[in-house]
>>> print(open('run20.cif').read())   # mmCIF, C-alpha atoms
data_my_file
#
loop_
_atom_site.label_atom_id
_atom_site.label_comp_id
_atom_site.auth_asym_id
_atom_site.auth_seq_id
_atom_site.Cartn_x
_atom_site.Cartn_y
_atom_site.Cartn_z
CA MET B 1 0.00 0.00 0.00
CA PRO B 2 1.48 3.39 -0.98
CA SER B 3 2.27 5.79 1.83
CA LEU B 4 0.74 9.24 2.11
CA PRO B 5 2.83 12.21 1.03
CA GLU B 6 4.94 13.67 3.80
CA THR B 7 5.29 17.22 2.49
CA ILE B 8 2.54 19.66 3.43
CA HIS B 9 2.35 22.83 1.36
CA LEU B 10 0.55 25.61 3.28
CA ILE B 11 -1.05 28.39 1.22
CA TYR B 12 -2.60 31.25 3.16
CA GLU B 13 -4.28 33.07 0.28
CA PRO B 14 -7.37 32.02 -1.71
CA VAL B 15 -6.75 29.12 -4.08
CA MET B 16 -8.75 27.70 -6.97
CA LEU B 17 -8.19 24.03 -7.73
CA LEU B 18 -8.04 23.71 -11.51
CA GLY B 19 -7.75 20.25 -12.89
CA SER B 20 -9.30 17.14 -14.27
CA PRO B 21 -8.06 13.56 -14.47
CA LYS B 22 -6.90 13.92 -18.10
CA ASP B 23 -5.06 17.28 -17.96
CA GLU B 24 -1.95 15.89 -19.68
CA ALA B 25 -3.94 15.60 -22.93
CA TYR B 26 -4.23 18.96 -24.69
CA SER B 27 -7.81 18.50 -25.88
CA HIS B 28 -9.00 17.43 -22.43
CA TYR B 29 -7.26 20.40 -20.85
CA VAL B 30 -8.95 22.80 -23.29
CA TRP B 31 -12.43 21.25 -23.17
CA ASP B 32 -12.63 19.78 -19.65
CA THR B 33 -10.40 21.98 -17.49
CA LEU B 34 -10.21 25.54 -18.87
CA PRO B 35 -14.01 26.03 -18.82
CA MET B 36 -13.80 25.73 -15.02
CA LEU B 37 -12.25 29.21 -15.04
CA TRP B 38 -15.78 30.49 -15.56
CA SER B 39 -16.02 30.24 -11.77
CA LEU B 40 -13.49 33.06 -11.42
CA ASP B 41 -15.93 35.41 -13.12
CA LYS B 42 -18.31 34.72 -10.24
CA VAL B 43 -15.77 35.33 -7.47
CA ARG B 44 -15.54 39.09 -6.92
CA ASN B 45 -12.10 40.65 -7.24
CA TRP B 46 -10.26 37.33 -7.44
CA CYS B 47 -6.69 37.85 -6.25
CA GLY B 48 -5.78 34.31 -5.34
CA LYS B 49 -3.74 31.56 -6.88
CA ILE B 50 -4.55 28.77 -9.33
CA LEU B 51 -3.50 25.29 -8.19
CA LEU B 52 -2.48 22.92 -11.01
CA SER B 53 -1.13 19.39 -11.14
CA GLY B 54 2.62 19.04 -11.34
CA SER B 55 2.81 17.93 -14.98
CA ARG B 56 3.47 21.50 -16.23
CA PRO B 57 3.01 21.18 -20.00
CA ASP B 58 3.88 24.46 -21.73
CA TYR B 59 0.42 24.69 -23.26
CA GLN B 60 -1.23 24.93 -19.83
CA ILE B 61 0.76 28.05 -18.95
CA ALA B 62 0.29 29.56 -22.43
CA LEU B 63 -3.49 29.05 -22.34
CA LEU B 64 -3.78 30.49 -18.84
CA ALA B 65 -1.64 33.49 -19.88
CA ALA B 66 -3.95 34.06 -22.85
CA LEU B 67 -6.80 34.26 -20.34
CA GLY B 68 -4.96 36.86 -18.25
CA ILE B 69 -3.53 34.56 -15.56
CA SER B 70 0.14 35.27 -14.91
CA PRO B 71 2.74 32.62 -14.00
CA GLU B 72 2.98 34.26 -10.55
CA GLN B 73 -0.65 33.27 -9.90
CA ILE B 74 0.01 29.58 -10.65
CA ILE B 75 1.03 27.04 -8.06
CA PHE B 76 2.03 23.57 -9.23
CA ARG B 77 1.54 20.63 -6.93
CA ASP B 78 3.00 17.17 -7.04
CA SER B 79 0.01 15.05 -6.07
CA GLU B 80 2.22 12.06 -5.32
CA LYS B 81 4.59 13.88 -3.00
CA GLU B 82 2.73 16.70 -1.30
CA ILE B 83 -0.47 17.60 0.45
CA VAL B 84 -1.80 21.12 -0.04
CA GLU B 85 -3.53 22.86 2.85
CA CYS B 86 -5.27 26.20 2.45
CA PRO B 87 -7.99 27.99 4.44
CA LEU B 88 -9.95 29.16 1.37
CA LEU B 89 -10.29 26.73 -1.52
CA VAL B 90 -12.53 27.24 -4.54
CA VAL B 91 -13.40 23.96 -6.26
CA PRO B 92 -15.33 24.62 -9.47
CA GLY B 93 -17.70 22.10 -10.96
CA TYR B 94 -17.06 20.50 -14.31
CA MET B 95 -18.37 22.50 -17.25
CA SER B 96 -17.97 19.69 -19.78
CA VAL B 97 -17.87 15.95 -20.00
CA ASN B 98 -15.01 14.13 -21.74
CA ASN B 99 -14.56 16.52 -24.69
CA ASN B 100 -18.21 16.09 -25.58
CA VAL B 101 -20.82 18.38 -24.06
CA ILE B 102 -19.94 21.80 -22.69
CA ARG B 103 -22.13 24.17 -20.68
CA ARG B 104 -22.70 27.67 -22.03
CA GLU B 105 -20.89 29.24 -19.08
CA GLY B 106 -17.78 27.18 -19.74
CA LEU B 107 -17.93 27.95 -23.44
CA SER B 108 -17.58 31.66 -22.59
CA VAL B 109 -14.01 30.97 -21.39
CA LEU B 110 -13.12 29.32 -24.70
CA GLN B 111 -14.69 32.21 -26.60
CA ARG B 112 -12.36 34.58 -24.73
CA LEU B 113 -9.44 32.47 -25.92
CA ALA B 114 -10.60 32.87 -29.52
CA ARG B 115 -10.38 36.68 -29.41
CA THR B 116 -7.21 38.53 -30.34
CA ASN B 117 -5.46 40.24 -27.44
CA ASP B 118 -5.84 43.74 -28.85
CA GLY B 119 -9.19 43.33 -30.61
CA SER B 120 -7.62 43.68 -34.05
CA PRO B 121 -9.04 41.74 -37.00
CA ARG B 122 -7.63 38.31 -37.63
CA PRO B 123 -5.12 37.94 -40.43
CA PRO B 124 -6.57 36.18 -43.46
CA GLY B 125 -5.88 32.48 -43.49
CA PRO B 126 -7.23 29.25 -44.87
CA ARG B 127 -10.98 28.88 -44.43
CA ARG B 128 -10.98 25.07 -44.74
CA ILE B 129 -8.77 23.10 -42.38
CA PHE B 130 -7.99 19.40 -42.09
CA VAL B 131 -6.56 18.65 -38.64
CA ASP B 132 -4.07 15.80 -38.49
CA ARG B 133 -2.12 14.25 -35.64
CA GLY B 134 1.31 15.45 -36.74
CA GLY B 135 4.23 15.72 -34.40
CA ASP B 136 4.46 13.64 -31.24
CA ARG B 137 0.82 12.48 -31.51
CA SER B 138 1.04 11.12 -35.07
CA ALA B 139 0.83 7.48 -33.93
CA ILE B 140 -2.19 8.03 -31.69
CA ARG B 141 -5.61 7.30 -33.17
CA ARG B 142 -4.33 7.49 -36.71
CA LEU B 143 -6.93 7.34 -39.45
CA THR B 144 -6.47 4.15 -41.45
CA ASN B 145 -7.61 5.85 -44.66
CA GLU B 146 -6.09 9.27 -44.00
CA ASP B 147 -4.43 9.44 -47.43
CA GLN B 148 -7.77 8.92 -49.20
CA ILE B 149 -9.52 11.46 -46.95
CA TRP B 150 -6.75 13.98 -47.58
CA ALA B 151 -6.99 13.46 -51.37
CA ILE B 152 -10.69 14.36 -51.26
CA LEU B 153 -10.27 17.31 -48.89
CA SER B 154 -7.29 18.82 -50.69
CA ALA B 155 -9.30 18.77 -53.92
CA LEU B 156 -11.95 20.78 -52.04
CA GLY B 157 -9.42 23.44 -51.00
CA PHE B 158 -8.60 22.24 -47.48
CA VAL B 159 -5.23 22.96 -45.87
CA ARG B 160 -3.59 20.32 -43.66
CA VAL B 161 -2.64 21.49 -40.15
CA SER B 162 -0.95 19.78 -37.19
CA PRO B 163 -2.13 21.82 -34.16
CA GLY B 164 0.46 20.24 -31.88
CA LEU B 165 3.20 21.88 -33.95
CA ILE B 166 1.94 25.49 -33.93
CA SER B 167 1.71 28.19 -31.27
CA LEU B 168 -1.42 29.27 -29.41
CA GLU B 169 -1.47 32.53 -31.42
CA GLN B 170 -1.29 30.58 -34.68
CA LYS B 171 -4.12 28.30 -33.53
CA ARG B 172 -6.20 31.31 -32.52
CA ASP B 173 -5.75 32.97 -35.92
CA LEU B 174 -6.19 29.77 -37.89
CA PHE B 175 -9.29 28.37 -36.22
CA GLY B 176 -10.83 31.78 -35.57
CA ALA B 177 -11.07 32.41 -39.31
CA ALA B 178 -12.07 28.87 -40.33
CA GLU B 179 -15.24 28.10 -42.22
CA PHE B 180 -14.87 24.30 -41.96
CA VAL B 181 -12.67 22.18 -39.70
CA VAL B 182 -12.38 18.45 -40.37
CA GLY B 183 -10.54 15.99 -38.16
CA GLN B 184 -10.90 12.86 -36.15
CA TYR B 185 -12.61 12.69 -32.80
CA GLY B 186 -10.60 11.93 -29.71
#
>>> encode(input="run20.cif", output="structure tokens")
Amino acid sequence: MPSLPETIHLIYEPVMLLGSPKDEAYSHYVWDTLPMLWSLDKVRNWCGKILLSGSRPDYQIALLAALGISPEQIIFRDSEKEIVECPLLVVPGYMSVNNNVIRREGLSVLQRLARTNDGSPRPPGPRRIFVDRGGDRSAIRRLTNEDQIWAILSALGFVRVSPGLISLEQKRDLFGAAEFVVGQYG
């Protein structure tokens, strides 16, 4: 039987627990976890910290920064090695279920992500996008007939994109201007 963590991390300011069981997967973080930030809109004058799991993928920090949360507001915890104790803890409810259904309130957070930082118009880009699993996720859930699908879509004017290989700003511009987005589920 594993032993309990011995390190206790005391935090004396307000803390929001932000996380879901699948945070290491980008799509789950975007659809299942980020919408929880809707709760911050309901907490007046939030000046506390955001408590995240210890995995620390770069995209988590970039997405939070795009929503106005600075690195100084983020506390990472190692759930296997430490216990966190704080007098005021905000635990938001889930706004979505397994990348599938999302509540309107949670969707408002994702809509904020889609806006440009300065309100300027988006640069023109491709209107038809085929999303593939390029980069480090290319072997995961690969379409068995991807070449045939791509042949059809490219003839219809689609552009192939590997979201895992582009920045948050590029994703924002690309998908914000899209007319059609085609890709696999999951």
>>> closest_residue(input="run20.cif", among="B:Asp32, B:Glu82, B:Glu146, B:Glu6", to="Arg133 in chain B", atoms="only C-alpha atoms")
B:Glu146
>>> resolve_selection(input="run20.cif", expression="the PyMOL selection byres ((chain B and resi 92-96) around 6)", output="list in words")
Asp32, Pro35, Met36, Val91, Val97, Val101, Ile102, Arg103 and Gly106 of chain B
>>> resolve_selection(input="run20.cif", expression="the PyMOL selection byres ((chain B and resi 129) around 7)", output="number ranges by chain")
B: 126-128, 130-131, 158-161, 178, 180-182
>>> write_last_selection(input="run20.cif", atoms="C-alpha atoms", output="short mmCIF file (atom, residue, chain, number, x, y, z; two decimals), in the coordinates of the input")
data_model
loop_
_atom_site.label_atom_id
_atom_site.label_comp_id
_atom_site.auth_asym_id
_atom_site.auth_seq_id
_atom_site.Cartn_x
_atom_site.Cartn_y
_atom_site.Cartn_z
CA PRO B 126 -7.23 29.25 -44.87
CA ARG B 127 -10.98 28.88 -44.43
CA ARG B 128 -10.98 25.07 -44.74
CA PHE B 130 -7.99 19.40 -42.09
CA VAL B 131 -6.56 18.65 -38.64
CA PHE B 158 -8.60 22.24 -47.48
CA VAL B 159 -5.23 22.96 -45.87
CA ARG B 160 -3.59 20.32 -43.66
CA VAL B 161 -2.64 21.49 -40.15
CA ALA B 178 -12.07 28.87 -40.33
CA PHE B 180 -14.87 24.30 -41.96
CA VAL B 181 -12.67 22.18 -39.70
CA VAL B 182 -12.38 18.45 -40.37
#
>>> axis_aligned_box(input="run20.cif", around="range 163-181 of chain B", padding_each_side="4 Å", output="lines of an AutoDock Vina configuration file")
center_x = -6.0
center_y = 26.6
center_z = -35.8
size_x = 26.4
size_y = 20.7
size_z = 20.8
>>> residues_around(input="run20.cif", residues="Gln60 in chain B", least_positions_apart="2", cutoff="9 Å", atoms="only C-alpha atoms", output="MDAnalysis selection string")
chainID B and resid 23 26 29:30 56:58 62:65
>>> residues_near_point(input="run20.cif", point="(-8.6, 23.6, 1.7)", cutoff="12 Å", atoms="all atoms listed in the file", output="PDB file with C-alpha atoms, in the frame of the given file")
ATOM      1  CA  ILE B   8       2.540  19.660   3.430  1.00  0.00           C
ATOM      2  CA  HIS B   9       2.350  22.830   1.360  1.00  0.00           C
ATOM      3  CA  LEU B  10       0.550  25.610   3.280  1.00  0.00           C
ATOM      4  CA  ILE B  11      -1.050  28.390   1.220  1.00  0.00           C
ATOM      5  CA  TYR B  12      -2.600  31.250   3.160  1.00  0.00           C
ATOM      6  CA  GLU B  13      -4.280  33.070   0.280  1.00  0.00           C
ATOM      7  CA  PRO B  14      -7.370  32.020  -1.710  1.00  0.00           C
ATOM      8  CA  VAL B  15      -6.750  29.120  -4.080  1.00  0.00           C
ATOM      9  CA  MET B  16      -8.750  27.700  -6.970  1.00  0.00           C
ATOM     10  CA  LEU B  17      -8.190  24.030  -7.730  1.00  0.00           C
ATOM     11  CA  LEU B  51      -3.500  25.290  -8.190  1.00  0.00           C
ATOM     12  CA  ILE B  83      -0.470  17.600   0.450  1.00  0.00           C
ATOM     13  CA  VAL B  84      -1.800  21.120  -0.040  1.00  0.00           C
ATOM     14  CA  GLU B  85      -3.530  22.860   2.850  1.00  0.00           C
ATOM     15  CA  CYS B  86      -5.270  26.200   2.450  1.00  0.00           C
ATOM     16  CA  PRO B  87      -7.990  27.990   4.440  1.00  0.00           C
ATOM     17  CA  LEU B  88      -9.950  29.160   1.370  1.00  0.00           C
ATOM     18  CA  LEU B  89     -10.290  26.730  -1.520  1.00  0.00           C
ATOM     19  CA  VAL B  90     -12.530  27.240  -4.540  1.00  0.00           C
ATOM     20  CA  VAL B  91     -13.400  23.960  -6.260  1.00  0.00           C
TER      21      VAL B  91
END
>>> closest_residue(input="run20.cif", among="B:Ile69, B:Asp173, B:Leu110, B:Thr7", to="Trp46 in chain B", atoms="all atoms listed in the file")
B:Ile69
>>> residues_around(input="run20.cif", residues="Gly19 in chain B", least_positions_apart="5", cutoff="8 Å", atoms="all atoms listed in the file", output="NGL selection string")
:B and (29 or 33 or 52-53)
>>> residues_around(input="run20.cif", residues="Asp132 in chain B", least_positions_apart="5", cutoff="10 Å", atoms="all atoms listed in the file", output="PyMOL selection string")
chain B and resi 137-138+142-143+146+150+160-164+182-184
>>> atom_distance(input="run20.cif", atom1="CA of Arg104 in chain B", atom2="CA of Lys171 in chain B")
21.9 Å
>>> atom_distance(input="run20.cif", atom1="CA of Glu179 in chain B", atom2="CA of Ala155 in chain B")
16.1 Å
>>> atom_distance(input="run20.cif", atom1="CA of Arg112 in chain B", atom2="CA of Ala66 in chain B")
8.6 Å
